[in-house]
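S.K.: Below is coords.csv; it holds CSV, C-alpha atoms.
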chain,number,residue,atom,x,y,z
A,1,MET,CA,117.2,81.4,132.9
A,2,ASN,CA,115.4,84.5,134.1
A,3,CYS,CA,117.9,84.9,137.0
A,4,LYS,CA,120.8,84.6,134.5
A,5,GLY,CA,119.0,87.2,132.3
A,6,ILE,CA,118.6,89.6,135.2
A,7,LEU,CA,122.3,89.4,136.1
A,8,LYS,CA,123.4,89.7,132.5
A,9,ALA,CA,121.2,92.7,131.8
A,10,ASN,CA,122.9,94.4,134.8
A,11,ASN,CA,126.4,93.6,133.5
A,12,TYR,CA,127.1,91.0,136.2
A,13,SER,CA,129.6,88.4,135.1
A,14,ARG,CA,132.1,86.0,136.6
A,15,ALA,CA,134.7,83.7,135.1
A,16,ASN,CA,132.9,80.4,135.9
A,17,ARG,CA,129.4,79.4,135.2
A,18,LEU,CA,126.7,81.2,137.3
A,19,ASN,CA,125.3,79.2,140.2
A,20,MET,CA,122.8,79.6,143.0
A,21,GLN,CA,125.2,81.9,145.0
A,22,ASP,CA,125.1,84.3,142.0
A,23,TYR,CA,121.3,84.1,141.7
A,24,TYR,CA,121.0,84.8,145.4
A,25,LYS,CA,122.4,88.3,144.7
A,26,ILE,CA,119.1,89.1,142.9
A,27,ASN,CA,117.3,88.9,146.3
A,28,SER,CA,118.9,92.2,147.3
A,29,SER,CA,117.1,94.0,144.4
A,30,SER,CA,113.9,92.1,144.3
A,31,HIS,CA,113.2,90.7,147.8
A,32,LEU,CA,112.3,87.3,146.3
A,33,SER,CA,112.6,85.8,149.8
A,34,ALA,CA,109.7,87.9,151.0
A,35,TYR,CA,107.1,86.9,148.3
A,36,GLU,CA,104.3,84.7,149.5
A,37,ILE,CA,102.5,82.3,147.2
A,38,ARG,CA,99.0,81.0,148.1
A,39,VAL,CA,97.8,77.9,146.1
A,40,ALA,CA,94.1,78.7,145.6
A,41,ILE,CA,93.0,75.1,145.2
A,42,TRP,CA,95.1,73.7,148.0
A,43,SER,CA,93.3,72.5,151.2
A,44,GLY,CA,96.4,71.2,153.1
A,45,HIS,CA,98.2,72.8,156.0
A,46,ARG,CA,100.8,74.6,153.8
A,47,LYS,CA,98.5,76.8,151.7
A,48,ILE,CA,100.9,79.7,151.8
A,49,ILE,CA,104.5,79.0,150.7
A,50,MET,CA,107.6,81.1,150.3
A,51,PRO,CA,109.8,79.4,147.6
A,52,PHE,CA,112.8,81.7,148.3
A,53,GLY,CA,112.2,81.9,152.1
A,54,ASP,CA,115.3,79.8,152.7
A,55,TRP,CA,117.3,82.7,151.5
A,56,ASN,CA,116.4,84.5,154.7
A,57,ASN,CA,118.8,82.1,156.4
A,58,GLY,CA,121.5,81.8,153.8
A,59,HIS,CA,122.1,81.0,150.2
A,60,SER,CA,120.7,77.5,149.7
A,61,LEU,CA,117.2,76.6,148.6
A,62,ARG,CA,116.2,73.1,149.9
A,63,TRP,CA,113.9,72.4,146.9
A,64,TYR,CA,116.7,73.4,144.4
A,65,GLN,CA,119.2,71.2,146.2
A,66,ASN,CA,116.7,68.3,146.2
A,67,TYR,CA,116.2,68.8,142.4
A,68,ASN,CA,120.0,68.6,141.8
A,69,ASN,CA,120.3,65.6,144.0
A,70,VAL,CA,117.6,63.8,142.1
A,71,LYS,CA,119.1,64.9,138.8
A,72,HIS,CA,122.6,63.6,139.6
A,73,ASN,CA,121.6,60.4,141.5
A,74,ARG,CA,118.1,59.4,140.8
A,75,ASN,CA,118.4,55.9,142.4
A,76,ASP,CA,119.4,57.1,145.8
A,77,ASN,CA,117.4,60.4,145.9
A,78,PHE,CA,114.2,59.5,144.1
A,79,LYS,CA,112.1,60.2,147.3
A,80,LEU,CA,113.1,63.9,146.9
A,81,ALA,CA,111.2,64.0,143.6
A,82,ASN,CA,107.9,64.9,145.4
A,83,LEU,CA,104.9,67.2,145.0
A,84,GLU,CA,106.2,69.6,147.6
A,85,ASN,CA,109.5,70.2,145.7
A,86,VAL,CA,107.6,70.5,142.4
A,87,LEU,CA,105.2,73.0,143.9
A,88,LEU,CA,108.1,75.1,145.4
A,89,ALA,CA,110.0,75.0,142.1
A,90,ILE,CA,107.0,76.1,140.0
A,91,SER,CA,106.0,78.8,142.5
A,92,GLY,CA,109.6,80.0,142.5
A,93,VAL,CA,109.5,80.5,138.7
A,94,PHE,CA,106.2,82.3,139.1
A,95,THR,CA,107.7,84.5,141.8
A,96,ILE,CA,110.6,85.5,139.6
A,97,LEU,CA,108.2,86.3,136.7
A,98,PHE,CA,105.9,88.3,138.9
A,99,SER,CA,108.9,90.3,140.3
A,100,GLN,CA,109.9,91.2,136.8
A,101,PHE,CA,106.5,91.6,135.0
A,102,PHE,CA,104.0,92.2,137.9
A,103,VAL,CA,100.5,91.3,137.0
A,104,LEU,CA,101.4,90.7,133.3
A,105,SER,CA,102.9,87.4,134.6
A,106,PHE,CA,99.3,86.1,134.9
A,107,ARG,CA,98.5,86.9,131.3
A,108,PRO,CA,101.5,87.4,129.0
A,109,ASN,CA,101.1,88.8,125.6
A,110,VAL,CA,98.3,91.3,126.6
A,111,LEU,CA,98.7,95.0,127.0
A,112,VAL,CA,96.6,95.2,130.2
A,113,ALA,CA,96.2,92.2,132.5
A,114,GLU,CA,93.0,92.0,134.6
A,115,TYR,CA,93.6,90.7,138.1
A,116,SER,CA,92.0,90.9,141.5
A,117,GLU,CA,93.5,91.5,144.9
A,118,TYR,CA,92.4,90.0,148.2
A,119,ASP,CA,94.3,90.1,151.5
A,120,GLY,CA,97.2,91.6,149.7
A,121,PHE,CA,97.4,88.6,147.3
A,122,SER,CA,97.1,89.2,143.6
A,123,SER,CA,95.3,86.6,141.5
A,124,HIS,CA,93.8,85.8,138.1
A,125,GLU,CA,91.0,83.5,137.2
A,126,ASN,CA,93.3,81.4,135.0
A,127,SER,CA,95.9,80.8,137.7
A,128,ILE,CA,96.1,78.4,140.7
A,129,PHE,CA,98.6,80.7,142.2
A,130,GLU,CA,97.9,83.9,144.2
A,131,ILE,CA,100.9,86.0,145.0
A,132,LYS,CA,101.7,88.6,147.7
A,133,PRO,CA,104.6,90.9,147.0
A,134,PRO,CA,107.1,91.9,149.7
A,135,GLN,CA,105.9,94.4,152.2
A,136,ASN,CA,109.5,95.2,153.4
A,137,TRP,CA,110.6,97.8,150.9
A,138,ASN,CA,112.5,100.8,152.1
A,139,ALA,CA,111.7,104.2,150.5
A,140,SER,CA,115.3,104.3,149.1
A,141,GLU,CA,114.6,101.0,147.2
A,142,CYS,CA,111.6,102.3,145.4
A,143,TYR,CA,111.5,104.3,142.3
A,144,ASP,CA,109.1,106.4,140.3
A,145,PHE,CA,108.6,105.6,136.6
A,146,GLU,CA,108.0,109.1,135.3
A,147,TRP,CA,108.1,108.7,131.5
A,148,ASN,CA,107.9,112.4,130.8
A,149,ALA,CA,111.2,112.9,132.7
A,150,LEU,CA,112.8,109.7,131.3
A,151,LYS,CA,111.9,110.0,127.6
A,152,SER,CA,114.4,112.7,126.9
A,153,GLN,CA,117.3,111.0,128.7
A,154,PRO,CA,119.7,109.0,126.5
A,155,ASN,CA,120.0,106.2,129.0
A,156,LYS,CA,116.6,105.5,130.3
A,157,PHE,CA,117.6,102.5,132.4
A,158,SER,CA,120.3,102.2,135.0
A,159,ASN,CA,122.1,99.0,136.1
A,160,TYR,CA,121.7,97.5,139.5
A,161,SER,CA,125.1,96.8,141.0
A,162,PHE,CA,125.1,93.2,142.4
Write the structure described by the file as C-alpha cells, please.
M.R.:
Amino acid sequence: MNCKGILKANNYSRANRLNMQDYYKINSSSHLSAYEIRVAIWSGHRKIIMPFGDWNNGHSLRWYQNYNNVKHNRNDNFKLANLENVLLAISGVFTILFSQFFVLSFRPNVLVAEYSEYDGFSSHENSIFEIKPPQNWNASECYDFEWNALKSQPNKFSNYSF
C-alpha cells in the first residue's frame, strides 16, 4: 500500500494494476535494496537481513514470490509459509516506513521520536528491529530541506519521475 501511495503521489500511473515491477521503480529514489535490518533479539546466523536486497540482481523478491505462491496454491506451497519469509516481509514493511518517515517509524503519532544509534543502526527500545539506512547516496540525490526558502514557494514539493 505504501509503494502504491508513493507512486501515486508522484503522478505515476499505468493502465493495468500496479505490480512488483512498478514498485521496483521506487528503489531508484529510496535505495530500498541497500537498507539493512538487524533483529535485536535474534541469535541465529542471519542477524542482519536486507529485505529488498534481491533488487540488486533484478526485479523479483524471493519472499514476495513465496507469499504469492502460498496465497494461490497453499496445498503445494505451504512449506514456503515459514518464519524467514515472514521476517523478510515484516522487515520490508518497516524498511519502506523508515525510508518515508525516518525515526518516526519507530514511534508514530509523536512529534519527536527518541531513538539511539549504534554501528550505523538506528533503534528504539520498543522495536525488535534496528535499521541501517543506505550509505550509497550520491550528492546529486540528496536535498536540503530549507523551510525558510520553501515556505514562500507555491509548490513546495516536486514529483520524482519514475
S.K.: Quick one: residues within 8 Å of stretch 6-18 of chain A, only C-alpha atoms, excluding same-chain residues fewer than 6 positions away - as a list of chain:residue names?
M.R.: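 Close residues of stretch 6-18 of chain A: A:Ile26, A:Asn159, A:Tyr160, A:Ser161, A:Phe162.
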S.K.: Take the selection from the previous step and output its residues with C-alpha atoms, as a PDB file, in the frame of the given file.
M.R.:
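result_29.pdb, written as the output of this step:
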ATOM      1  CA  ILE A  26     119.100  89.100 142.900  1.00  0.00           C
ATOM      2  CA  ASN A 159     122.100  99.000 136.100  1.00  0.00           C
ATOM      3  CA  TYR A 160     121.700  97.500 139.500  1.00  0.00           C
ATOM      4  CA  SER A 161     125.100  96.800 141.000  1.00  0.00           C
ATOM      5  CA  PHE A 162     125.100  93.200 142.400  1.00  0.00           C
TER       6      PHE A 162
END
S.K.: Considering all atoms listed in the file, return as a list in words whatever protein or nucleic-acid residues lie within 7 Å of A:Val39, sequence-local ones (same chain, fewer than 3 positions apart) excluded.
M.R.: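 Answer for this query is Trp42, Lys47, Ile48, Ile128, Phe129 and Glu130 of chain A.
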S.K.: When you look at A:Thr95 with a cut-off of 12 Å (counting all atoms listed in the file), what residues show up, excluding the ones that are within fewer than 6 positions of it in the same chain? I need them as an mmCIF file with C-alpha atoms, keeping the file's coordinate frame.
M.R.:
data_model
loop_
_atom_site.group_PDB
_atom_site.id
_atom_site.type_symbol
_atom_site.label_atom_id
_atom_site.label_comp_id
_atom_site.auth_asym_id
_atom_site.auth_seq_id
_atom_site.Cartn_x
_atom_site.Cartn_y
_atom_site.Cartn_z
ATOM 1 C CA ASN A 2 115.400 84.500 134.100
ATOM 2 C CA CYS A 3 117.900 84.900 137.000
ATOM 3 C CA ASN A 27 117.300 88.900 146.300
ATOM 4 C CA SER A 30 113.900 92.100 144.300
ATOM 5 C CA HIS A 31 113.200 90.700 147.800
ATOM 6 C CA LEU A 32 112.300 87.300 146.300
ATOM 7 C CA SER A 33 112.600 85.800 149.800
ATOM 8 C CA ALA A 34 109.700 87.900 151.000
ATOM 9 C CA TYR A 35 107.100 86.900 148.300
ATOM 10 C CA GLU A 36 104.300 84.700 149.500
ATOM 11 C CA ILE A 37 102.500 82.300 147.200
ATOM 12 C CA ARG A 38 99.000 81.000 148.100
ATOM 13 C CA ILE A 49 104.500 79.000 150.700
ATOM 14 C CA MET A 50 107.600 81.100 150.300
ATOM 15 C CA PRO A 51 109.800 79.400 147.600
ATOM 16 C CA PHE A 52 112.800 81.700 148.300
ATOM 17 C CA GLY A 53 112.200 81.900 152.100
ATOM 18 C CA LEU A 87 105.200 73.000 143.900
ATOM 19 C CA LEU A 88 108.100 75.100 145.400
ATOM 20 C CA ALA A 89 110.000 75.000 142.100
ATOM 21 C CA PHE A 101 106.500 91.600 135.000
ATOM 22 C CA PHE A 102 104.000 92.200 137.900
ATOM 23 C CA VAL A 103 100.500 91.300 137.000
ATOM 24 C CA SER A 105 102.900 87.400 134.600
ATOM 25 C CA PHE A 106 99.300 86.100 134.900
ATOM 26 C CA SER A 122 97.100 89.200 143.600
ATOM 27 C CA PHE A 129 98.600 80.700 142.200
ATOM 28 C CA GLU A 130 97.900 83.900 144.200
ATOM 29 C CA ILE A 131 100.900 86.000 145.000
ATOM 30 C CA LYS A 132 101.700 88.600 147.700
ATOM 31 C CA PRO A 133 104.600 90.900 147.000
ATOM 32 C CA PRO A 134 107.100 91.900 149.700
#
S.K.: Hey, can I get the axis-aligned box for stretch 134-150 of chain A? All listed atoms, 6 Å padding on each side, centre and edge lengths in Å to one decimal, as AutoDock Vina command-line options.
M.R.:
--center_x 110.6 --center_y 102.4 --center_z 142.1 --size_x 21.4 --size_y 33.0 --size_z 34.6
S.K.: Take atom CA of A:Ser60 and atom CA of A:Gly44 and report the distance between them in Å, one decimal.
M.R.: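 Spanning atom CA of A:Ser60 to atom CA of A:Gly44 is a straight-line distance of 25.3 Å.
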S.K.: Within 7 Å of stretch 67-70 of chain A, counting all atoms listed in the file, which residues show up once you throw out same-chain ones fewer than 6 positions away? Write them as a PyMOL selection string, please.
M.R.: chain A and resi 77-78+80-81
S.K.: Between A:Ala149, A:Met20, A:Ser99, A:Glu141, which residue has the minimum interatomic distance to A:Arg62, considering all atoms listed in the file?
M.R.: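 Comparing A:Ala149, A:Met20, A:Ser99, A:Glu141 against A:Arg62, the winner is A:Met20.
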S.K.: For the structure just given, write the atoms of stretch 111-155 of chain A, namely N, CA and C atoms, as a compact mmCIF listing (two decimals), in the first residue's frame.
M.R.:
# COMPACT_ATOMS: atom_id res chain seq x y z
N LEU A 111 5.59 13.86 18.00
CA LEU A 111 6.26 14.92 17.27
C LEU A 111 7.76 14.70 17.18
N VAL A 112 8.34 14.14 18.21
CA VAL A 112 9.78 13.86 18.23
C VAL A 112 9.97 12.42 18.69
N ALA A 113 10.60 11.64 17.88
CA ALA A 113 10.85 10.24 18.25
C ALA A 113 12.24 10.12 18.86
N GLU A 114 12.30 9.48 20.01
CA GLU A 114 13.59 9.23 20.64
C GLU A 114 14.12 7.91 20.11
N TYR A 115 15.36 7.90 19.73
CA TYR A 115 15.97 6.69 19.21
C TYR A 115 17.45 6.73 19.51
N SER A 116 18.08 5.59 19.38
CA SER A 116 19.53 5.55 19.58
C SER A 116 20.17 5.00 18.32
N GLU A 117 21.46 5.23 18.21
CA GLU A 117 22.20 4.77 17.04
C GLU A 117 23.48 4.08 17.51
N TYR A 118 23.73 2.89 16.95
CA TYR A 118 24.92 2.13 17.27
C TYR A 118 25.36 1.40 16.02
N ASP A 119 26.61 1.53 15.64
CA ASP A 119 27.14 0.86 14.44
C ASP A 119 26.41 1.28 13.17
N GLY A 120 25.84 2.47 13.16
CA GLY A 120 25.09 2.93 12.00
C GLY A 120 23.65 2.46 11.97
N PHE A 121 23.25 1.61 12.94
CA PHE A 121 21.88 1.12 13.02
C PHE A 121 21.09 1.98 14.00
N SER A 122 19.93 2.44 13.55
CA SER A 122 19.01 3.19 14.42
C SER A 122 18.08 2.19 15.09
N SER A 123 17.76 2.47 16.35
CA SER A 123 16.89 1.56 17.09
C SER A 123 16.03 2.34 18.08
N HIS A 124 15.06 1.65 18.62
CA HIS A 124 14.19 2.19 19.65
C HIS A 124 13.89 1.07 20.64
N GLU A 125 13.73 1.41 21.88
CA GLU A 125 13.53 0.39 22.91
C GLU A 125 12.27 -0.46 22.70
N ASN A 126 11.29 0.04 21.97
CA ASN A 126 10.05 -0.70 21.75
C ASN A 126 10.06 -1.52 20.46
N SER A 127 11.18 -1.61 19.78
CA SER A 127 11.24 -2.31 18.50
C SER A 127 12.26 -3.43 18.53
N ILE A 128 11.92 -4.55 17.91
CA ILE A 128 12.90 -5.63 17.78
C ILE A 128 13.81 -5.39 16.57
N PHE A 129 13.43 -4.41 15.73
CA PHE A 129 14.21 -4.11 14.54
C PHE A 129 15.13 -2.93 14.76
N GLU A 130 16.35 -3.07 14.26
CA GLU A 130 17.29 -1.96 14.14
C GLU A 130 17.52 -1.80 12.65
N ILE A 131 17.70 -0.57 12.20
CA ILE A 131 17.79 -0.35 10.76
C ILE A 131 18.98 0.54 10.42
N LYS A 132 19.65 0.17 9.35
CA LYS A 132 20.79 0.95 8.86
C LYS A 132 20.44 1.46 7.47
N PRO A 133 20.31 2.77 7.34
CA PRO A 133 19.97 3.35 6.03
C PRO A 133 21.10 3.17 5.03
N PRO A 134 20.81 3.36 3.77
CA PRO A 134 21.83 3.22 2.73
C PRO A 134 22.99 4.17 2.95
N GLN A 135 24.15 3.72 2.56
CA GLN A 135 25.36 4.53 2.64
C GLN A 135 25.84 4.92 1.25
N ASN A 136 25.03 4.62 0.22
CA ASN A 136 25.46 4.80 -1.16
C ASN A 136 24.76 5.95 -1.88
N TRP A 137 24.44 7.01 -1.17
CA TRP A 137 23.80 8.16 -1.80
C TRP A 137 24.84 9.02 -2.52
N ASN A 138 24.52 9.43 -3.72
CA ASN A 138 25.34 10.41 -4.43
C ASN A 138 24.91 11.80 -3.97
N ALA A 139 25.79 12.75 -4.05
CA ALA A 139 25.46 14.11 -3.64
C ALA A 139 24.26 14.66 -4.42
N SER A 140 24.14 14.29 -5.68
CA SER A 140 23.02 14.79 -6.50
C SER A 140 21.67 14.22 -6.08
N GLU A 141 21.67 13.11 -5.31
CA GLU A 141 20.42 12.51 -4.86
C GLU A 141 19.93 13.09 -3.55
N CYS A 142 20.75 13.84 -2.88
CA CYS A 142 20.40 14.41 -1.59
C CYS A 142 19.82 15.81 -1.77
N TYR A 143 19.00 16.19 -0.83
CA TYR A 143 18.43 17.52 -0.88
C TYR A 143 18.45 18.14 0.51
N ASP A 144 18.37 19.44 0.53
CA ASP A 144 18.27 20.18 1.79
C ASP A 144 16.83 20.60 1.96
N PHE A 145 16.34 20.44 3.14
CA PHE A 145 15.00 20.91 3.44
C PHE A 145 15.16 22.24 4.17
N GLU A 146 15.17 23.29 3.42
CA GLU A 146 15.35 24.63 3.95
C GLU A 146 13.99 25.32 3.96
N TRP A 147 13.29 25.22 5.09
CA TRP A 147 11.93 25.72 5.17
C TRP A 147 11.83 27.21 4.86
N ASN A 148 12.77 27.98 5.30
CA ASN A 148 12.71 29.43 5.04
C ASN A 148 12.72 29.73 3.55
N ALA A 149 13.40 28.91 2.76
CA ALA A 149 13.40 29.10 1.31
C ALA A 149 12.14 28.51 0.67
N LEU A 150 11.64 27.41 1.21
CA LEU A 150 10.49 26.73 0.63
C LEU A 150 9.14 27.37 0.97
N LYS A 151 9.03 27.98 2.14
CA LYS A 151 7.71 28.42 2.60
C LYS A 151 7.06 29.46 1.71
N SER A 152 7.83 30.19 0.95
CA SER A 152 7.25 31.21 0.07
C SER A 152 6.95 30.67 -1.33
N GLN A 153 7.37 29.45 -1.63
CA GLN A 153 7.12 28.88 -2.95
C GLN A 153 5.71 28.29 -3.01
N PRO A 154 5.02 28.50 -4.13
CA PRO A 154 3.65 27.97 -4.23
C PRO A 154 3.61 26.44 -4.26
N ASN A 155 4.59 25.79 -4.90
CA ASN A 155 4.66 24.34 -4.92
C ASN A 155 5.89 23.89 -4.16
